[in-house]
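Visitor: So that you have it, the file is start-v6.tsv, and it contains TSV, C-alpha atoms:
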chain	number	residue	atom	x	y	z
R	1	MET	CA	-15.62	0.76	211.29
R	2	THR	CA	-17.46	3.72	212.78
R	3	ASN	CA	-19.33	5.32	209.97
R	4	GLY	CA	-22.88	5.92	208.75
R	5	ARG	CA	-23.10	2.22	208.06
R	6	GLN	CA	-23.44	1.38	211.71
R	7	GLU	CA	-27.17	1.71	211.02
R	8	ILE	CA	-27.00	-1.40	208.87
R	9	ASP	CA	-28.51	-4.54	210.23
R	10	HIS	CA	-26.19	-7.21	208.92
R	11	HIS	CA	-28.96	-9.61	208.12
R	12	ILE	CA	-30.78	-7.41	205.63
R	13	ASP	CA	-30.04	-5.59	202.41
R	14	ILE	CA	-27.23	-3.22	201.68
R	15	ALA	CA	-27.53	0.33	200.35
R	16	PRO	CA	-26.42	0.88	196.74
R	17	GLY	CA	-22.89	2.25	196.85
R	18	ASP	CA	-22.04	0.65	200.20
R	19	GLU	CA	-19.37	-1.99	200.29
R	20	HIS	CA	-20.19	-5.39	201.68
R	21	LEU	CA	-16.82	-6.34	203.05
R	22	GLU	CA	-15.82	-5.38	206.55
R	23	GLY	CA	-12.26	-4.91	205.34
R	24	GLY	CA	-10.06	-2.09	206.50
R	25	ILE	CA	-9.01	0.99	204.56
R	26	ARG	CA	-6.20	-0.93	202.85
R	27	GLU	CA	-8.53	-3.51	201.32
R	28	ARG	CA	-10.97	-0.86	200.16
R	29	VAL	CA	-8.24	1.24	198.52
R	30	LEU	CA	-6.94	-1.91	196.82
R	31	GLY	CA	-10.46	-2.54	195.49
R	32	TYR	CA	-10.59	0.94	193.94
R	33	LEU	CA	-7.07	0.50	192.54
R	34	THR	CA	-8.11	-2.78	190.90
R	35	GLY	CA	-11.11	-1.06	189.35
R	36	LEU	CA	-8.97	1.84	188.14
R	37	GLY	CA	-6.42	-0.54	186.58
R	38	LEU	CA	-9.08	-2.56	184.75
R	39	ALA	CA	-10.84	0.62	183.58
R	40	ILE	CA	-7.59	2.08	182.20
R	41	LEU	CA	-6.84	-1.21	180.43
R	42	LEU	CA	-10.29	-1.35	178.81
R	43	THR	CA	-10.29	2.35	177.84
R	44	ALA	CA	-6.82	2.08	176.29
R	45	THR	CA	-7.91	-1.01	174.36
R	46	SER	CA	-10.99	0.86	173.09
R	47	PHE	CA	-8.97	3.81	171.80
R	48	PHE	CA	-6.35	1.46	170.32
R	49	VAL	CA	-8.91	-0.70	168.52
R	50	ALA	CA	-10.72	2.34	167.11
R	51	GLY	CA	-7.60	3.66	165.40
R	52	THR	CA	-5.78	0.53	164.28
R	53	ASP	CA	-5.55	-1.28	160.97
R	54	LEU	CA	-4.45	-4.49	162.64
R	55	VAL	CA	-7.92	-5.97	163.13
R	56	TRP	CA	-10.63	-6.86	160.66
R	57	GLN	CA	-12.42	-3.55	160.12
R	58	PRO	CA	-16.09	-4.69	160.29
R	59	SER	CA	-15.45	-6.20	163.72
R	60	ILE	CA	-14.41	-2.87	165.25
R	61	PRO	CA	-17.90	-1.50	166.17
R	62	VAL	CA	-18.81	-4.77	167.88
R	63	ALA	CA	-15.49	-4.85	169.72
R	64	LEU	CA	-16.00	-1.24	170.90
R	65	VAL	CA	-19.49	-1.99	172.22
R	66	VAL	CA	-18.28	-5.11	174.03
R	67	LEU	CA	-15.35	-3.21	175.59
R	68	ALA	CA	-17.69	-0.41	176.71
R	69	ILE	CA	-20.12	-2.83	178.35
R	70	ALA	CA	-17.22	-4.60	180.08
R	71	GLN	CA	-15.94	-1.29	181.44
R	72	MET	CA	-19.42	-0.36	182.68
R	73	GLY	CA	-19.42	-3.68	184.54
R	74	VAL	CA	-16.03	-2.89	186.09
R	75	HIS	CA	-17.29	0.52	187.26
R	76	LEU	CA	-20.48	-1.00	188.68
R	77	VAL	CA	-18.60	-3.63	190.67
R	78	PHE	CA	-15.52	-1.75	191.86
R	79	PHE	CA	-16.81	1.84	192.19
R	80	LEU	CA	-20.56	1.50	192.80
R	81	HIS	CA	-20.26	-1.88	194.60
R	82	ILE	CA	-23.29	-3.32	192.82
R	83	THR	CA	-22.50	-7.01	193.10
R	84	THR	CA	-24.24	-10.36	192.81
R	85	GLY	CA	-24.37	-10.84	196.59
R	86	ALA	CA	-27.71	-11.74	198.15
R	87	ASP	CA	-27.74	-8.46	200.10
R	88	ASN	CA	-27.59	-6.59	196.77
R	89	THR	CA	-30.56	-8.25	195.06
R	90	ASN	CA	-32.83	-5.21	195.22
R	91	ASN	CA	-30.18	-2.94	193.72
R	92	VAL	CA	-29.44	-5.40	190.92
R	93	LEU	CA	-33.14	-5.82	190.12
R	94	ALA	CA	-33.62	-2.06	189.84
R	95	LEU	CA	-30.55	-1.92	187.59
R	96	ALA	CA	-31.91	-4.77	185.45
R	97	PHE	CA	-35.17	-2.89	184.93
R	98	GLY	CA	-33.24	0.26	183.98
R	99	VAL	CA	-31.13	-1.68	181.50
R	100	LEU	CA	-34.28	-3.21	180.00
R	101	ILE	CA	-35.80	0.23	179.35
R	102	VAL	CA	-32.50	1.57	177.97
R	103	MET	CA	-32.24	-1.39	175.57
R	104	LEU	CA	-35.86	-0.95	174.45
R	105	VAL	CA	-35.41	2.77	173.78
R	106	ILE	CA	-32.10	2.49	171.90
R	107	GLY	CA	-32.75	-0.80	170.11
R	108	GLY	CA	-36.33	0.12	169.23
R	109	SER	CA	-35.33	3.54	167.84
R	110	LEU	CA	-32.55	2.08	165.69
R	111	TRP	CA	-34.79	-0.70	164.41
R	112	ILE	CA	-37.72	1.56	163.52
R	113	MET	CA	-35.58	4.22	161.87
R	114	ALA	CA	-33.59	1.67	159.85
R	115	ASN	CA	-36.87	0.16	158.70
R	116	LEU	CA	-38.24	3.57	157.70
R	117	ASN	CA	-35.06	4.50	155.83
R	118	HIS	CA	-35.23	1.21	154.00
R	119	ASN	CA	-38.90	1.36	153.02
R	120	MET	CA	-39.52	5.06	152.47
R	121	MET	CA	-39.32	6.57	149.01
R	122	PRO	CA	-36.21	8.75	148.56
R	123	MET	CA	-36.93	12.40	149.31
R	124	ASP	CA	-36.36	13.73	145.78
R	125	GLN	CA	-38.90	11.30	144.30
R	126	LEU	CA	-41.39	12.28	146.98
R	127	MET	CA	-40.94	15.96	146.12
R	128	ARG	CA	-41.44	15.24	142.41
R	129	MET	CA	-44.72	13.46	143.10
R	130	GLN	CA	-46.07	16.44	145.06
R	131	ARG	CA	-45.60	18.81	142.16
F	1	MET	CA	-42.62	-24.22	211.09
F	2	THR	CA	-41.66	-27.84	210.50
F	3	ASP	CA	-38.06	-28.94	210.58
F	4	ALA	CA	-38.12	-29.55	206.85
F	5	THR	CA	-39.18	-26.00	205.93
F	6	LEU	CA	-36.79	-24.56	208.49
F	7	ALA	CA	-33.93	-26.49	206.93
F	8	TYR	CA	-35.03	-25.27	203.52
F	9	ALA	CA	-35.28	-21.70	204.76
F	10	GLN	CA	-31.78	-21.82	206.17
F	11	SER	CA	-30.38	-23.15	202.91
F	12	ASP	CA	-31.87	-20.19	201.05
F	13	PRO	CA	-30.28	-16.90	202.13
F	14	HIS	CA	-33.14	-14.81	200.72
F	15	HIS	CA	-35.73	-16.76	202.66
F	16	VAL	CA	-33.82	-16.50	205.91
F	17	ARG	CA	-33.68	-12.73	205.54
F	18	ALA	CA	-37.41	-12.52	204.97
F	19	VAL	CA	-38.03	-14.52	208.12
F	20	GLU	CA	-35.64	-12.53	210.28
F	21	HIS	CA	-36.50	-9.17	208.82
F	22	SER	CA	-37.97	-6.84	211.40
F	23	GLY	CA	-39.36	-3.41	210.63
F	24	PRO	CA	-38.55	-1.12	207.70
F	25	ALA	CA	-35.07	-0.81	206.19
F	26	SER	CA	-32.69	1.72	207.71
F	27	LYS	CA	-32.78	5.29	206.50
F	28	ARG	CA	-29.39	4.88	204.83
F	29	ILE	CA	-30.73	2.07	202.65
F	30	VAL	CA	-34.00	3.84	201.83
F	31	THR	CA	-32.25	7.09	200.88
F	32	ALA	CA	-29.56	5.47	198.75
F	33	TYR	CA	-32.05	3.14	197.08
F	34	GLY	CA	-34.31	6.03	196.16
F	35	PHE	CA	-31.35	7.89	194.73
F	36	TRP	CA	-30.31	4.76	192.84
F	37	ILE	CA	-33.77	4.73	191.20
F	38	PHE	CA	-33.27	8.40	190.23
F	39	ILE	CA	-29.88	7.57	188.66
F	40	LEU	CA	-31.43	4.76	186.65
F	41	SER	CA	-34.18	7.09	185.42
F	42	ASP	CA	-31.47	9.57	184.46
F	43	MET	CA	-29.82	6.82	182.43
F	44	VAL	CA	-33.15	6.16	180.70
F	45	MET	CA	-33.25	9.86	179.76
F	46	PHE	CA	-29.69	9.64	178.39
F	47	SER	CA	-30.68	6.54	176.40
F	48	ALA	CA	-33.20	8.68	174.48
F	49	PHE	CA	-30.42	11.16	173.58
F	50	PHE	CA	-28.14	8.27	172.59
F	51	ALA	CA	-30.89	6.86	170.38
F	52	ALA	CA	-31.37	10.28	168.74
F	53	TYR	CA	-27.62	10.59	168.14
F	54	ALA	CA	-27.33	7.09	166.67
F	55	VAL	CA	-30.28	7.69	164.35
F	56	LEU	CA	-29.05	11.15	163.24
F	57	LEU	CA	-25.37	10.20	162.87
F	58	GLY	CA	-25.49	10.32	159.07
F	59	GLN	CA	-27.76	13.38	158.76
F	60	THR	CA	-25.03	15.98	158.28
F	61	ALA	CA	-26.98	18.13	155.77
F	62	GLY	CA	-23.84	18.45	153.64
F	63	GLY	CA	-21.88	19.68	156.67
F	64	PRO	CA	-18.89	18.13	158.39
F	65	SER	CA	-19.16	14.59	159.74
F	66	GLY	CA	-17.87	13.25	163.04
F	67	GLY	CA	-14.71	11.87	161.47
F	68	GLN	CA	-13.75	15.35	160.24
F	69	LEU	CA	-14.57	17.13	163.52
F	70	PHE	CA	-13.52	14.93	166.44
F	71	ASP	CA	-10.03	15.03	167.94
F	72	LEU	CA	-9.65	11.63	169.58
F	73	SER	CA	-6.48	12.41	171.55
F	74	ASN	CA	-8.40	15.25	173.20
F	75	VAL	CA	-11.19	12.82	174.08
F	76	ALA	CA	-8.67	10.35	175.54
F	77	ILE	CA	-7.33	13.07	177.86
F	78	GLU	CA	-10.89	14.00	178.89
F	79	THR	CA	-11.62	10.34	179.61
F	80	GLY	CA	-8.48	10.08	181.74
F	81	PHE	CA	-9.45	13.13	183.82
F	82	LEU	CA	-12.97	11.87	184.48
F	83	LEU	CA	-11.77	8.36	185.37
F	84	ALA	CA	-9.16	9.75	187.75
F	85	SER	CA	-11.76	12.00	189.36
F	86	SER	CA	-14.06	9.01	189.88
F	87	PHE	CA	-11.17	7.20	191.57
F	88	ALA	CA	-10.38	10.22	193.76
F	89	CYS	CA	-14.06	10.40	194.73
F	90	GLY	CA	-13.90	6.76	195.84
F	91	LEU	CA	-10.85	7.49	198.00
F	92	ALA	CA	-12.60	10.52	199.51
F	93	MET	CA	-15.54	8.27	200.46
F	94	ILE	CA	-13.17	5.83	202.19
F	95	ALA	CA	-11.78	8.80	204.14
F	96	ALA	CA	-15.33	9.86	204.99
F	97	ASP	CA	-16.14	6.39	206.32
F	98	ALA	CA	-12.98	6.54	208.43
F	99	ARG	CA	-14.09	10.03	209.58
F	100	ASN	CA	-10.83	11.55	208.47
F	101	SER	CA	-11.65	15.16	207.56
F	102	PHE	CA	-8.22	16.00	206.21
F	103	TRP	CA	-8.00	13.23	203.63
F	104	PHE	CA	-11.68	13.62	202.82
F	105	GLN	CA	-11.24	17.29	201.92
F	106	ILE	CA	-8.06	16.52	199.95
F	107	GLY	CA	-9.81	13.74	198.02
F	108	MET	CA	-12.83	15.90	197.25
F	109	ALA	CA	-10.61	18.81	196.16
F	110	VAL	CA	-8.72	16.52	193.77
F	111	THR	CA	-12.05	15.16	192.47
F	112	CYS	CA	-13.22	18.74	191.90
F	113	LEU	CA	-10.06	19.83	190.09
F	114	LEU	CA	-10.09	16.80	187.79
F	115	GLY	CA	-13.79	17.40	187.06
F	116	LEU	CA	-13.06	21.05	186.25
F	117	ALA	CA	-10.20	19.99	183.94
F	118	PHE	CA	-12.66	17.70	182.15
F	119	LEU	CA	-15.18	20.52	181.78
F	120	THR	CA	-12.50	22.93	180.52
F	121	ILE	CA	-11.44	20.57	177.73
F	122	GLU	CA	-15.05	19.96	176.79
F	123	GLY	CA	-15.83	23.68	176.77
F	124	ARG	CA	-12.82	24.35	174.53
F	125	GLU	CA	-13.93	21.62	172.14
F	126	PHE	CA	-17.44	23.11	171.94
F	127	ALA	CA	-16.05	26.60	171.38
F	128	SER	CA	-13.75	25.46	168.59
F	129	LEU	CA	-16.58	23.56	166.89
F	130	VAL	CA	-18.83	26.63	166.97
F	131	ALA	CA	-15.96	28.82	165.74
F	132	ARG	CA	-15.46	26.46	162.77
F	133	GLY	CA	-19.13	26.85	161.81
F	134	ALA	CA	-20.06	23.45	163.22
F	135	GLY	CA	-22.44	24.65	165.93
F	136	PRO	CA	-25.61	22.88	167.00
F	137	THR	CA	-27.62	24.65	164.29
F	138	ARG	CA	-25.47	23.33	161.42
F	139	SER	CA	-27.07	19.88	161.01
F	140	ALA	CA	-29.27	17.35	162.75
F	141	PHE	CA	-26.13	15.35	163.52
F	142	LEU	CA	-24.53	18.30	165.32
F	143	SER	CA	-27.78	19.13	167.18
F	144	ALA	CA	-27.85	15.58	168.52
F	145	PHE	CA	-24.13	15.75	169.37
F	146	PHE	CA	-24.38	19.00	171.35
F	147	THR	CA	-27.54	17.85	173.15
F	148	LEU	CA	-26.05	14.54	174.27
F	149	VAL	CA	-22.53	15.66	175.21
F	150	GLY	CA	-23.80	19.00	176.56
F	151	CYS	CA	-26.30	17.21	178.78
F	152	HIS	CA	-23.51	15.10	180.24
F	153	GLY	CA	-21.43	18.25	180.73
F	154	LEU	CA	-24.33	19.91	182.57
F	155	HIS	CA	-24.56	16.89	184.85
F	156	VAL	CA	-20.85	17.16	185.64
F	157	SER	CA	-21.26	20.88	186.37
F	158	ALA	CA	-24.16	20.16	188.73
F	159	GLY	CA	-22.04	17.43	190.32
F	160	ILE	CA	-19.22	19.88	191.00
F	161	LEU	CA	-21.63	22.31	192.68
F	162	TRP	CA	-22.91	19.42	194.82
F	163	LEU	CA	-19.31	18.39	195.58
F	164	LEU	CA	-18.41	21.87	196.84
F	165	THR	CA	-21.59	21.90	198.94
F	166	MET	CA	-20.61	18.59	200.53
F	167	MET	CA	-17.10	19.85	201.31
F	168	ALA	CA	-18.64	22.84	203.06
F	169	GLN	CA	-21.21	20.70	204.91
F	170	VAL	CA	-18.59	18.28	206.21
F	171	PHE	CA	-16.44	21.25	207.23
F	172	ALA	CA	-19.32	22.91	209.10
F	173	LYS	CA	-21.24	19.91	210.47
F	174	GLY	CA	-18.82	16.99	210.50
F	175	PHE	CA	-19.59	13.39	209.60
F	176	ARG	CA	-23.16	13.19	210.93
F	177	ALA	CA	-25.36	10.33	209.74
F	178	ASP	CA	-27.40	12.60	207.46
F	179	ILE	CA	-24.24	14.06	205.93
F	180	GLN	CA	-22.93	10.52	205.37
F	181	ARG	CA	-26.15	9.69	203.50
F	182	ARG	CA	-25.70	12.71	201.26
F	183	LEU	CA	-22.10	11.71	200.62
F	184	LEU	CA	-23.25	8.22	199.61
F	185	CYS	CA	-25.73	9.71	197.14
F	186	PHE	CA	-23.10	12.08	195.77
F	187	ALA	CA	-20.66	9.19	195.23
F	188	LEU	CA	-23.36	7.25	193.38
F	189	PHE	CA	-24.03	10.29	191.18
F	190	TRP	CA	-20.37	10.94	190.39
F	191	HIS	CA	-19.58	7.30	189.53
F	192	ALA	CA	-22.76	7.08	187.42
F	193	LEU	CA	-21.59	10.10	185.39
F	194	ASP	CA	-18.38	8.24	184.60
F	195	ILE	CA	-20.40	5.21	183.45
F	196	ILE	CA	-22.40	7.46	181.11
F	197	TRP	CA	-19.14	8.94	179.82
F	198	ILE	CA	-17.99	5.42	178.82
F	199	ALA	CA	-21.03	5.24	176.56
F	200	VAL	CA	-20.36	8.79	175.28
F	201	PHE	CA	-16.75	8.23	174.26
F	202	THR	CA	-17.57	4.87	172.70
F	203	VAL	CA	-20.74	5.77	170.82
F	204	VAL	CA	-20.25	9.48	170.10
F	205	TYR	CA	-16.53	9.74	169.49
F	206	LEU	CA	-15.09	6.32	168.61
F	207	LEU	CA	-18.06	4.96	166.64
F	208	GLY	CA	-19.09	8.45	165.48
F	209	SER	CA	-15.74	9.26	163.90
F	210	ALA	CA	-15.64	5.90	162.13
F	211	ALA	CA	-19.03	6.50	160.50
Could you spell out this file's structure in structure tokens?

Guide:
Amino acid sequence: MTNGRQEIDHHIDIAPGDEHLEGGIRERVLGYLTGLGLAILLTATSFFVAGTDLVWQPSIPVALVVLAIAQMGVHLVFFLHITTGADNTNNVLALAFGVLIVMLVIGGSLWIMANLNHNMMPMDQLMRMQR
Amino acid sequence: MTDATLAYAQSDPHHVRAVEHSGPASKRIVTAYGFWIFILSDMVMFSAFFAAYAVLLGQTAGGPSGGQLFDLSNVAIETGFLLASSFACGLAMIAADARNSFWFQIGMAVTCLLGLAFLTIEGREFASLVARGAGPTRSAFLSAFFTLVGCHGLHVSAGILWLLTMMAQVFAKGFRADIQRRLLCFALFWHALDIIWIAVFTVVYLLGSAA
């Protein structure tokens, strides 16, 4: 294919967002269609699960988080072409570091704030003591 | 190199690359990789807003909660528009790789229209919330909501400006290598916004209206 990717030396890494396969337009469109189909399926399931009485209620938040992470994976693979291939290692490592920081920020904040809410004196008592 | 290490090197694809690697990576890889790092840092910034929202979810100061405010069918339509626009962007990039100006411009125009539809629905939602007295100043919960969703909306707006710029650049300059690099970065940006939206509709709307 004659595109900007002619710069690529086929023995080294691949740019994030570039597709590995040398397939024609048909194969690439099929790849995007697969991603779109999976994404629609996962989104529809998310919205269905959130509003239904058919599943055990306490499981719903966990199910929603799992569905969201699965859909992010679908987008990464089919739209951003971040894969497990050897030519993608650098991109995946950068992503892994980003995910680590995201997990630390969100998990750490929730943990600390839950702890504070649990251990701190209720506000009205605190106000009474200051009088 | 002995035969044994050579055999080992050839069995390990990473090692072989290191041996055969000559000179720095191509400009396309360096540019896209740098932009990939920027996108990841953007996601770290969003994670701070998500953490603030999750922590402040219950702090409604006696005001309305998410369950009373959010219209989930509206959010589903928004999600559909953004997903379709991400798909159209992918098709436009295939057209760009095939150097087909016509289908590239069509794909980008569709991407743009779907993005604008998304922004219109979001703007209407914000306006109706403010009109109902549930603006960002009402409670800590609503401040966090407007900051997080508004920040995503600002990113989409910036993306649309970038999209129009790229349409004009391809029209004026054609598919030069530097333009192709910019297109690659734009595609990364647009798809990344859709990934962040997955987190937004799950955490903010679906989990937020249950709480």

Visitor: Could you give me, as a PyMOL selection string, the residues within 8 Å of Thr43 in chain R, counting only C-alpha atoms and dropping anything in the same chain fewer than 3 positions from it?

Guide: chain R and resi 39-40+46-47+67-68+71

Visitor: Step by step: start from the point (-28.3, -3.2, 193.8) in the file's coordinates, keep every protein, DNA or RNA residue that has an atom no farther than 12 Å from it, count all atoms listed in the file, and write the set as a CSV table (one decimal) with C-alpha atoms, in the frame of the given file.

Guide:
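Result went into point.csv, see below:
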chain,number,residue,atom,x,y,z
R,13,ASP,CA,-30.0,-5.6,202.4
R,14,ILE,CA,-27.2,-3.2,201.7
R,15,ALA,CA,-27.5,0.3,200.4
R,16,PRO,CA,-26.4,0.9,196.7
R,17,GLY,CA,-22.9,2.2,196.8
R,18,ASP,CA,-22.0,0.6,200.2
R,19,GLU,CA,-19.4,-2.0,200.3
R,20,HIS,CA,-20.2,-5.4,201.7
R,76,LEU,CA,-20.5,-1.0,188.7
R,77,VAL,CA,-18.6,-3.6,190.7
R,80,LEU,CA,-20.6,1.5,192.8
R,81,HIS,CA,-20.3,-1.9,194.6
R,82,ILE,CA,-23.3,-3.3,192.8
R,83,THR,CA,-22.5,-7.0,193.1
R,84,THR,CA,-24.2,-10.4,192.8
R,85,GLY,CA,-24.4,-10.8,196.6
R,86,ALA,CA,-27.7,-11.7,198.2
R,87,ASP,CA,-27.7,-8.5,200.1
R,88,ASN,CA,-27.6,-6.6,196.8
R,89,THR,CA,-30.6,-8.2,195.1
R,90,ASN,CA,-32.8,-5.2,195.2
R,91,ASN,CA,-30.2,-2.9,193.7
R,92,VAL,CA,-29.4,-5.4,190.9
R,93,LEU,CA,-33.1,-5.8,190.1
R,94,ALA,CA,-33.6,-2.1,189.8
R,95,LEU,CA,-30.6,-1.9,187.6
R,96,ALA,CA,-31.9,-4.8,185.4
R,97,PHE,CA,-35.2,-2.9,184.9
R,98,GLY,CA,-33.2,0.3,184.0
F,29,ILE,CA,-30.7,2.1,202.6
F,32,ALA,CA,-29.6,5.5,198.8
F,33,TYR,CA,-32.0,3.1,197.1
F,34,GLY,CA,-34.3,6.0,196.2
F,35,PHE,CA,-31.4,7.9,194.7
F,36,TRP,CA,-30.3,4.8,192.8
F,37,ILE,CA,-33.8,4.7,191.2
F,40,LEU,CA,-31.4,4.8,186.6
F,188,LEU,CA,-23.4,7.2,193.4

Visitor: Pick out the residues sitting within 12 Å of Gly62 in chain F, and hand them over as a list in words; count all atoms listed in the file, and ignore anything fewer than 5 positions along from it in its own chain.

Guide: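 The contact residues come out as Ala134, Arg138, Ser139, Ala140, Phe141 and Leu142 of chain F.
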
Visitor: Based on all atoms listed in the file, which of the residues in chain F come within 6 Å of chain R? I want them as a ChimeraX atom specification.

Guide: /F:29,32,40,44,47,51,97,177,180,195

Visitor: Under the rule that all atoms listed in the file are counted, which of F:Thr60, F:Gln169, F:Gln68, F:Ser209 is the nearest residue to Ser101 in chain F?

Guide: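 Closest to Ser101 in chain F, using all atoms listed in the file: F:Gln169.
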
Visitor: Can you tell me how far CA of Thr120 in chain F sits from CA of Gly67 in chain F, in Å to one decimal?

Guide: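 Computing the Euclidean distance for CA of Thr120 in chain F and CA of Gly67 in chain F yields 22.1 Å.
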
Visitor: Mind checking which residues fall within 9 Å of Val204 in chain F, counting all atoms listed in the file, ignoring those fewer than 3 positions away in the same chain, and posting them as a PyMOL selection string?

Guide: chain F and resi 50+53-54+57+66+145+148-149+199-201+207-209

Visitor: Which residue out of F:Leu72, F:Ile121, F:Gly63, F:Phe102 has the minimum interatomic distance to Pro136 in chain F when all atoms listed in the file are used?

Guide: F:Gly63

Visitor: Please, what distance in Å, to one decimal, runs between CA of Ser85 in chain F and CA of Phe186 in chain F?

Guide: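 One can read the CA of Ser85 in chain F to CA of Phe186 in chain F distance as 13.0 Å.
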
Visitor: Could you check how far CA of Leu30 in chain R sits from CA of Leu161 in chain F, in Å to one decimal?

Guide: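 Computing it gives 28.6 Å between the two atoms.
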
Visitor: Any chance you could work out the axis-aligned box around range 120-136 of chain F, listed atoms only, 4 Å on each side, giving centre and edge lengths in Å to one decimal, as JSON?

Guide:
{"center_x": -18.5, "center_y": 24.4, "center_z": 171.2, "size_x": 22.2, "size_y": 16.9, "size_z": 26.7}

Visitor: Got a sec: who's within 10 Å of Leu193 in chain F, counting all atoms listed in the file, leaving out chain neighbours fewer than 5 positions off, as a list of chain:residue names?

Guide: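 What passes the distance filter is F:Ile39, F:Asp42, F:Met43, F:Leu82, F:Leu83, F:Ser86, F:His152, F:Gly153, F:His155, F:Val156, F:Gly159, F:Ala187, F:Leu188, F:Ile198.
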
Visitor: For Asp178 in chain F, which of F:Met45, F:Met166, F:Leu119, F:Ala88 is the closest residue, counting all atoms listed in the file?

Guide: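 Checking each of F:Met45, F:Met166, F:Leu119, F:Ala88 against Asp178 in chain F, counting all atoms listed in the file, the winner is F:Met166.
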